[in-house]
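query08.txt, holding compact mmCIF, C-alpha atoms:
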```txt
# COMPACT_ATOMS: atom_id res chain seq x y z
CA MET A 971 67.08 62.12 -74.28
CA PRO A 972 70.09 60.31 -75.72
CA ILE A 973 69.94 56.49 -75.80
CA ARG A 974 73.49 56.46 -74.36
CA LYS A 975 72.12 57.60 -71.00
CA HIS A 976 69.72 54.66 -70.86
CA TRP A 977 72.71 52.36 -71.18
CA LEU A 978 74.57 54.24 -68.47
CA VAL A 979 71.61 53.97 -66.08
CA ALA A 980 71.13 50.29 -66.99
CA ALA A 981 74.83 49.55 -66.42
CA MET A 982 74.79 51.30 -63.04
CA CYS A 983 71.61 49.44 -61.99
CA GLY A 984 73.27 46.17 -63.04
CA ALA A 985 76.41 47.01 -61.06
CA ALA A 986 74.32 47.92 -58.00
CA ALA A 987 72.33 44.66 -58.25
CA ALA A 988 75.57 42.64 -58.60
CA ALA A 989 77.00 44.45 -55.54
CA VAL A 990 73.86 43.62 -53.51
CA VAL A 991 74.07 39.92 -54.45
CA MET A 992 77.82 39.80 -53.65
CA LEU A 993 77.25 41.52 -50.31
CA ARG A 994 74.39 39.19 -49.43
CA VAL A 995 76.38 36.04 -50.25
CA PHE A 996 79.86 36.98 -49.01
CA ASP A 997 80.61 38.53 -45.62
CA PRO A 998 83.30 41.23 -46.08
CA ALA A 999 84.40 40.52 -42.48
CA THR A 1000 85.56 36.98 -43.28
CA SER A 1001 85.90 36.56 -47.04
CA GLY A 1002 88.87 38.12 -48.77
CA ILE A 1003 87.13 39.07 -51.99
CA PHE A 1004 86.37 42.67 -51.01
CA PRO A 1005 89.32 45.06 -51.03
CA PRO A 1006 90.31 46.61 -47.68
CA CYS A 1007 89.57 50.28 -47.11
CA PRO A 1008 92.51 52.14 -48.73
CA VAL A 1009 92.54 54.76 -45.94
CA ARG A 1010 92.76 52.05 -43.26
CA TYR A 1011 95.29 50.07 -45.29
CA LEU A 1012 97.61 53.05 -45.82
CA THR A 1013 97.24 54.93 -42.52
CA GLY A 1014 95.89 52.38 -40.03
CA TRP A 1015 93.05 54.81 -39.23
CA TYR A 1016 89.36 54.10 -39.58
CA CYS A 1017 87.68 56.33 -42.15
CA PRO A 1018 84.00 57.37 -41.85
CA GLY A 1019 83.09 54.57 -44.27
CA CYS A 1020 85.03 51.74 -42.61
CA GLY A 1021 82.62 48.91 -41.84
CA SER A 1022 80.01 50.09 -44.36
CA LEU A 1023 80.27 46.97 -46.54
CA ARG A 1024 80.04 44.74 -43.44
CA ALA A 1025 77.07 46.86 -42.27
CA ILE A 1026 75.25 46.35 -45.59
CA HIS A 1027 75.99 42.61 -45.44
CA GLN A 1028 74.34 42.50 -41.99
CA LEU A 1029 71.40 44.63 -43.20
CA LEU A 1030 70.85 42.23 -46.12
CA HIS A 1031 70.56 39.47 -43.52
CA GLY A 1032 68.16 41.49 -41.38
CA ASN A 1033 70.62 42.12 -38.54
CA LEU A 1034 70.05 45.78 -37.82
CA ARG A 1035 71.95 45.63 -34.52
CA ALA A 1036 75.07 44.12 -36.08
CA ALA A 1037 74.86 46.59 -38.98
CA TRP A 1038 74.61 49.49 -36.52
CA ALA A 1039 77.70 48.20 -34.68
CA MET A 1040 79.69 48.08 -37.91
CA ASN A 1041 78.89 51.60 -39.10
CA PRO A 1042 75.98 53.61 -37.66
CA LEU A 1043 76.56 56.46 -40.13
CA THR A 1044 76.00 54.13 -43.09
CA VAL A 1045 72.82 52.72 -41.53
CA ILE A 1046 71.45 56.25 -41.04
CA LEU A 1047 72.44 57.59 -44.47
CA LEU A 1048 71.61 54.51 -46.57
CA PRO A 1049 67.82 55.10 -46.96
CA PHE A 1050 68.40 58.73 -48.00
CA VAL A 1051 71.20 57.78 -50.40
CA ALA A 1052 69.05 55.00 -51.95
CA TYR A 1053 66.19 57.50 -52.46
CA GLY A 1054 68.59 60.05 -53.94
CA VAL A 1055 70.14 57.54 -56.33
CA ALA A 1056 66.68 56.38 -57.45
CA SER A 1057 65.76 60.04 -58.01
CA SER A 1058 68.90 60.62 -60.11
CA ALA A 1059 68.15 57.52 -62.22
CA LEU A 1060 64.58 58.75 -62.85
CA LEU A 1061 65.90 62.24 -63.67
CA GLU A 1062 68.12 60.71 -66.37
CA LEU A 1063 65.38 58.43 -67.72
CA ARG A 1064 62.30 60.67 -67.75
CA GLY A 1065 63.73 64.11 -67.04
CA GLN A 1066 62.17 64.40 -63.62
CA GLY A 1067 63.43 63.16 -60.27
CA LEU A 1068 61.56 62.29 -57.09
CA PRO A 1069 60.27 65.06 -54.83
CA GLN A 1070 62.93 66.21 -52.41
CA PRO A 1071 63.64 69.25 -50.30
CA PHE A 1072 66.03 71.91 -51.51
CA LEU A 1073 68.86 71.68 -48.98
CA ARG A 1074 70.40 74.92 -47.78
CA ALA A 1075 74.18 74.92 -48.24
CA MET A 1076 74.66 75.13 -44.46
CA TRP A 1077 72.93 71.76 -44.01
CA ILE A 1078 75.12 70.12 -46.64
CA ARG A 1079 78.21 71.59 -44.95
CA ALA A 1080 76.91 70.38 -41.57
CA LEU A 1081 76.55 66.88 -43.04
CA CYS A 1082 80.10 67.08 -44.40
CA ALA A 1083 81.37 68.17 -40.97
CA ALA A 1084 79.41 65.36 -39.28
CA ILE A 1085 80.97 62.75 -41.60
CA ILE A 1086 84.50 64.07 -40.94
CA LEU A 1087 83.83 64.31 -37.18
CA PHE A 1088 82.52 60.72 -37.13
CA GLY A 1089 85.74 59.64 -38.88
CA ILE A 1090 87.91 61.38 -36.28
CA VAL A 1091 85.93 60.38 -33.20
CA ARG A 1092 85.80 56.65 -33.97
CA ASN A 1093 89.62 56.55 -33.87
CA LEU A 1094 89.85 57.99 -30.35
CA PRO A 1095 91.06 55.32 -27.93
CA THR A 1096 88.72 56.15 -25.04
CA HIS A 1097 85.11 55.23 -24.22
CA PRO A 1098 82.57 56.02 -25.52
CA PHE A 1099 84.28 57.06 -28.77
CA ASP A 1100 85.98 53.72 -29.47
CA TRP A 1101 82.55 52.04 -29.45
CA LEU A 1102 82.13 53.68 -32.86
CA ALA A 1103 85.01 51.64 -34.33
CA PRO A 1104 83.69 48.93 -36.70
CA GLY A 1105 82.19 46.04 -34.74
CA ALA A 1106 83.11 47.41 -31.29
CA MET A 1107 79.47 47.70 -30.19
CA LEU A 1108 79.04 43.95 -30.72
CA HIS A 1109 81.25 43.36 -27.68
CA LEU A 1110 79.42 45.70 -25.28
CA MET B 285 55.74 77.91 -64.24
CA PHE B 286 59.19 77.76 -62.75
CA CYS B 287 59.95 77.21 -59.10
CA THR B 288 61.37 80.37 -57.55
CA GLN B 289 63.54 78.33 -55.22
CA CYS B 290 65.24 75.71 -57.38
CA GLY B 291 64.19 76.77 -60.86
CA ALA B 292 62.66 73.46 -61.95
CA GLY B 293 59.91 73.61 -64.55
CA ASN B 294 56.46 72.68 -63.17
CA ALA B 295 52.93 72.34 -64.52
CA ASP B 296 51.06 75.66 -64.29
CA ASN B 297 48.54 74.17 -61.83
CA ALA B 298 51.17 72.42 -59.63
CA ALA B 299 50.73 72.99 -55.90
CA VAL B 300 54.33 72.20 -54.96
CA CYS B 301 57.55 72.06 -56.96
CA VAL B 302 58.36 68.55 -58.26
CA GLN B 303 62.07 69.16 -57.73
CA CYS B 304 62.34 70.77 -54.29
CA GLY B 305 58.85 70.59 -52.80
CA ARG B 306 58.45 74.34 -52.31
CA SER B 307 54.88 75.57 -52.34
CA LEU B 308 54.00 77.17 -55.66
CA GLN B 309 50.69 78.57 -54.47
CA GLY B 310 50.64 82.32 -54.63
CA ALA B 311 53.02 82.45 -57.55
CA ALA B 312 51.28 83.96 -60.54
CA PRO B 313 50.60 81.17 -63.07
CA GLY B 314 52.76 81.52 -66.11
CA ALA B 315 54.40 84.60 -64.69
CA ALA B 316 57.26 85.71 -66.90
CA LEU B 317 60.19 85.12 -64.61
CA PRO B 318 63.63 86.21 -65.75
CA VAL B 319 65.94 83.47 -66.95
CA GLN B 320 68.90 84.91 -65.11
CA GLY B 321 69.10 84.72 -61.37
CA VAL B 322 67.41 87.06 -58.94
CA PRO B 323 69.52 87.51 -55.80
CA GLY B 324 67.71 86.11 -52.80
CA GLN B 325 64.98 84.50 -54.89
CA GLY B 326 66.93 81.77 -56.59
CA VAL B 327 67.79 80.99 -60.16
CA VAL B 328 64.97 80.50 -62.62
CA LEU B 329 65.99 77.95 -65.22
CA PRO B 330 64.62 77.24 -68.68
CA PRO B 331 62.27 74.21 -68.80
CA GLY B 332 64.03 70.87 -68.63
CA VAL B 333 67.27 72.35 -67.32
CA VAL B 334 68.35 71.13 -63.91
CA VAL B 335 71.57 72.11 -62.16
CA GLN B 336 72.43 68.98 -60.24
CA ASN B 337 74.52 69.05 -57.09
CA TYR B 338 75.39 65.29 -57.20
CA LEU B 339 75.14 65.21 -53.40
CA VAL B 340 74.13 61.53 -53.17
CA PHE B 341 77.04 60.48 -55.35
CA ALA B 342 79.36 62.65 -53.27
CA ILE B 343 78.14 60.88 -50.10
CA LEU B 344 78.47 57.49 -51.79
CA ALA B 345 82.01 58.41 -52.84
CA THR B 346 82.88 59.52 -49.31
CA ILE B 347 81.63 56.50 -47.40
CA PHE B 348 82.12 53.73 -49.97
CA CYS B 349 85.17 54.42 -51.97
CA CYS B 350 87.34 57.34 -51.63
CA LEU B 351 87.18 59.83 -48.81
CA PRO B 352 89.78 62.30 -50.23
CA ALA B 353 87.74 62.77 -53.43
CA GLY B 354 84.33 62.55 -51.75
CA ILE B 355 84.85 65.50 -49.41
CA PRO B 356 85.54 68.07 -52.19
CA ALA B 357 82.50 66.69 -54.04
CA ILE B 358 80.30 67.41 -50.99
CA VAL B 359 81.83 70.89 -50.61
CA TYR B 360 81.01 71.67 -54.27
CA ALA B 361 77.49 70.22 -53.83
CA ALA B 362 76.95 72.74 -51.02
CA GLN B 363 78.24 75.50 -53.31
CA VAL B 364 75.76 74.50 -56.03
CA ASN B 365 72.80 74.99 -53.69
CA GLU B 366 74.27 78.15 -52.16
CA LYS B 367 74.73 79.74 -55.60
CA LEU B 368 71.33 78.56 -56.89
CA ARG B 369 69.79 80.23 -53.88
CA ALA B 370 71.82 83.38 -54.41
CA GLY B 371 70.70 83.55 -58.03
CA ASP B 372 74.16 82.86 -59.48
CA LEU B 373 73.41 80.44 -62.34
CA ALA B 374 76.93 80.55 -63.84
CA GLY B 375 78.52 79.92 -60.44
CA ALA B 376 76.08 77.11 -59.67
CA THR B 377 76.80 75.46 -63.03
CA ALA B 378 80.56 75.71 -62.47
CA ALA B 379 80.21 74.24 -58.96
CA SER B 380 77.97 71.48 -60.39
CA ASN B 381 80.66 70.57 -62.93
CA ASN B 382 83.29 70.47 -60.18
CA ALA B 383 81.07 68.26 -57.99
CA LYS B 384 80.61 65.90 -60.95
CA LEU B 385 84.36 65.91 -61.67
CA TRP B 386 85.23 64.90 -58.09
CA CYS B 387 82.57 62.15 -58.15
CA MET B 388 84.16 60.87 -61.39
CA ILE B 389 87.67 61.01 -59.85
CA SER B 390 86.35 59.02 -56.91
CA ALA B 391 84.67 56.47 -59.17
CA GLY B 392 87.90 56.19 -61.19
CA ALA B 393 89.94 55.65 -58.01
CA PHE B 394 87.42 53.02 -56.90
CA LEU B 395 87.63 51.14 -60.21
CA GLY B 396 91.43 51.41 -60.19
CA ILE B 397 91.72 50.02 -56.65
CA ALA B 398 89.19 47.26 -57.41
CA PHE B 399 91.14 46.33 -60.56
CA ILE B 400 94.50 46.23 -58.75
CA TYR B 401 93.02 44.22 -55.87
CA GLY B 402 91.42 41.79 -58.33
CA MET B 403 94.78 41.36 -60.09
CA VAL B 404 96.57 40.74 -56.78
CA LEU B 405 93.93 38.14 -55.84
CA LEU B 406 94.25 36.46 -59.24
CA ILE B 407 98.06 36.33 -59.05
CA GLY B 408 97.79 34.93 -55.50
CA ILE B 409 95.43 32.19 -56.67
CA LEU B 410 97.64 31.34 -59.68
CA LEU B 411 100.75 31.18 -57.47
CA SER B 412 99.06 28.92 -54.92
CA VAL B 413 97.82 26.63 -57.70
CA SER B 414 101.30 26.43 -59.28
CA HIS B 415 102.90 25.71 -55.87
CA SER B 416 100.46 22.90 -55.09
CA ASN B 417 101.25 21.21 -58.42
```
Do you think you could lay out the structure here as structure tokens?
Amino acid sequence: MPIRKHWLVAAMCGAAAAAVVMLRVFDPATSGIFPPCPVRYLTGWYCPGCGSLRAIHQLLHGNLRAAWAMNPLTVILLPFVAYGVASSALLELRGQGLPQPFLRAMWIRALCAAIILFGIVRNLPTHPFDWLAPGAMLHL
Amino acid sequence: MFCTQCGAGNADNAAVCVQCGRSLQGAAPGAALPVQGVPGQGVVLPPGVVVQNYLVFAILATIFCCLPAGIPAIVYAAQVNEKLRAGDLAGATAASNNAKLWCMISAGAFLGIAFIYGMVLLIGILLSVSHSN
């Protein structure tokens, strides 16, 4: 395996660790150091990922309820994504990833549809859909 | 032996596939499986070759940086698994490359936006410092 890939994996691990420290120390809701969501900035609409940085900040402080209010989709997907990223890193380093199911294409497409649907629904102005907007569930 | 579902190389005495978890019991040990795909049985790959679908990076791209580039990446990730399952190695590899490309576009967009935002912040700080002097 080329040495270059070790550096790539090391650089990505370093970037991920730096992101975790930044998100633990600074709250994206109040500090201006994190860029706004480009979709929200340009269109005024919430995207499926809006609130995900704030959600991770709350998770890093142990506030599952606040994290869920910011972006429930991120809270659900994060453990799977973390496992998948760890698997990809191991695949690069030792040529073998972590055990995982082979997903049928229909399930991946269903996930894609669910993400898009979540993005649409959280912009609807009526209950209960607007409770999915970032932070709305904190005021229930 | 090679997994008949995802094509990953496994030890001859493995009970389940290390890549996809499919049971390997009942498969003849060391059976000479064809390298090209068998429709309905999945692609059988040479040892050490993995056709990645980059699904986790596609999801990361969609919810953390750039929705417009993340969605095509997920669509291509689905195509990778569909074609692997159908035994179409060439199609799966092409879809894999497209999934990777869209993840890269998304990462590039993320870095570009982060760079521009950082520059705007820096200029703002410099201006406020020069005004206060």
7 Å contacts from chain B to chain A using only C-alpha atoms, as an MDAnalysis selection string:
chainID B and resid 302:305 332 340 347:348 358:359 362:363 365:366 398 401
Output C-alpha atoms for every residue in the selection just made, as a compact mmCIF listing (two decimals), in the coordinates of the input.
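Written output follows (result-v9.txt):
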```txt
# COMPACT_ATOMS: atom_id res chain seq x y z
CA VAL B 302 58.36 68.55 -58.26
CA GLN B 303 62.07 69.16 -57.73
CA CYS B 304 62.34 70.77 -54.29
CA GLY B 305 58.85 70.59 -52.80
CA GLY B 332 64.03 70.87 -68.63
CA VAL B 340 74.13 61.53 -53.17
CA ILE B 347 81.63 56.50 -47.40
CA PHE B 348 82.12 53.73 -49.97
CA ILE B 358 80.30 67.41 -50.99
CA VAL B 359 81.83 70.89 -50.61
CA ALA B 362 76.95 72.74 -51.02
CA GLN B 363 78.24 75.50 -53.31
CA ASN B 365 72.80 74.99 -53.69
CA GLU B 366 74.27 78.15 -52.16
CA ALA B 398 89.19 47.26 -57.41
CA TYR B 401 93.02 44.22 -55.87
```
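Our summary of the geometry notes that atom CA of Pro998 of chain A is positioned 15.9 Å from atom CA of Gly1032 of chain A.
Interatomic distance, atom CA of Ala345 of chain B to atom CA of Cys387 of chain B: 6.5 Å.
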For Gly1014 of chain A, which of A:Leu1108, A:Asn1093, A:Ala1037, A:Lys975 is the closest residue, counting all atoms listed in the file?
A:Asn1093
Which distance in Å separates atom CA of Gly375 of chain B and atom CA of Cys350 of chain B, to one decimal?
25.8 Å
What's around Ala1103 of chain A at 8 Å? Count all atoms listed in the file, leave out sequence neighbours fewer than 5 positions away in its own chain, and write the answer as a ChimeraX atom specification.
/A:1016,1040-1041,1092-1093
Using the selection just defined, write its residues with C-alpha atoms as a PDB file, in the coordinates of the input.
```pdb
ATOM      1  CA  TYR A1016      89.360  54.100 -39.580  1.00  0.00           C
ATOM      2  CA  MET A1040      79.690  48.080 -37.910  1.00  0.00           C
ATOM      3  CA  ASN A1041      78.890  51.600 -39.100  1.00  0.00           C
ATOM      4  CA  ARG A1092      85.800  56.650 -33.970  1.00  0.00           C
ATOM      5  CA  ASN A1093      89.620  56.550 -33.870  1.00  0.00           C
TER       6      ASN A1093
END
```
Which neighbours of Ser380 of chain B fall inside 12 Å, counting all atoms listed in the file, when residues of the same chain fewer than 4 positions from it are skipped, and could you give them as a ChimeraX atom specification?
/B:334-339,342,356-368,373-376,384-387
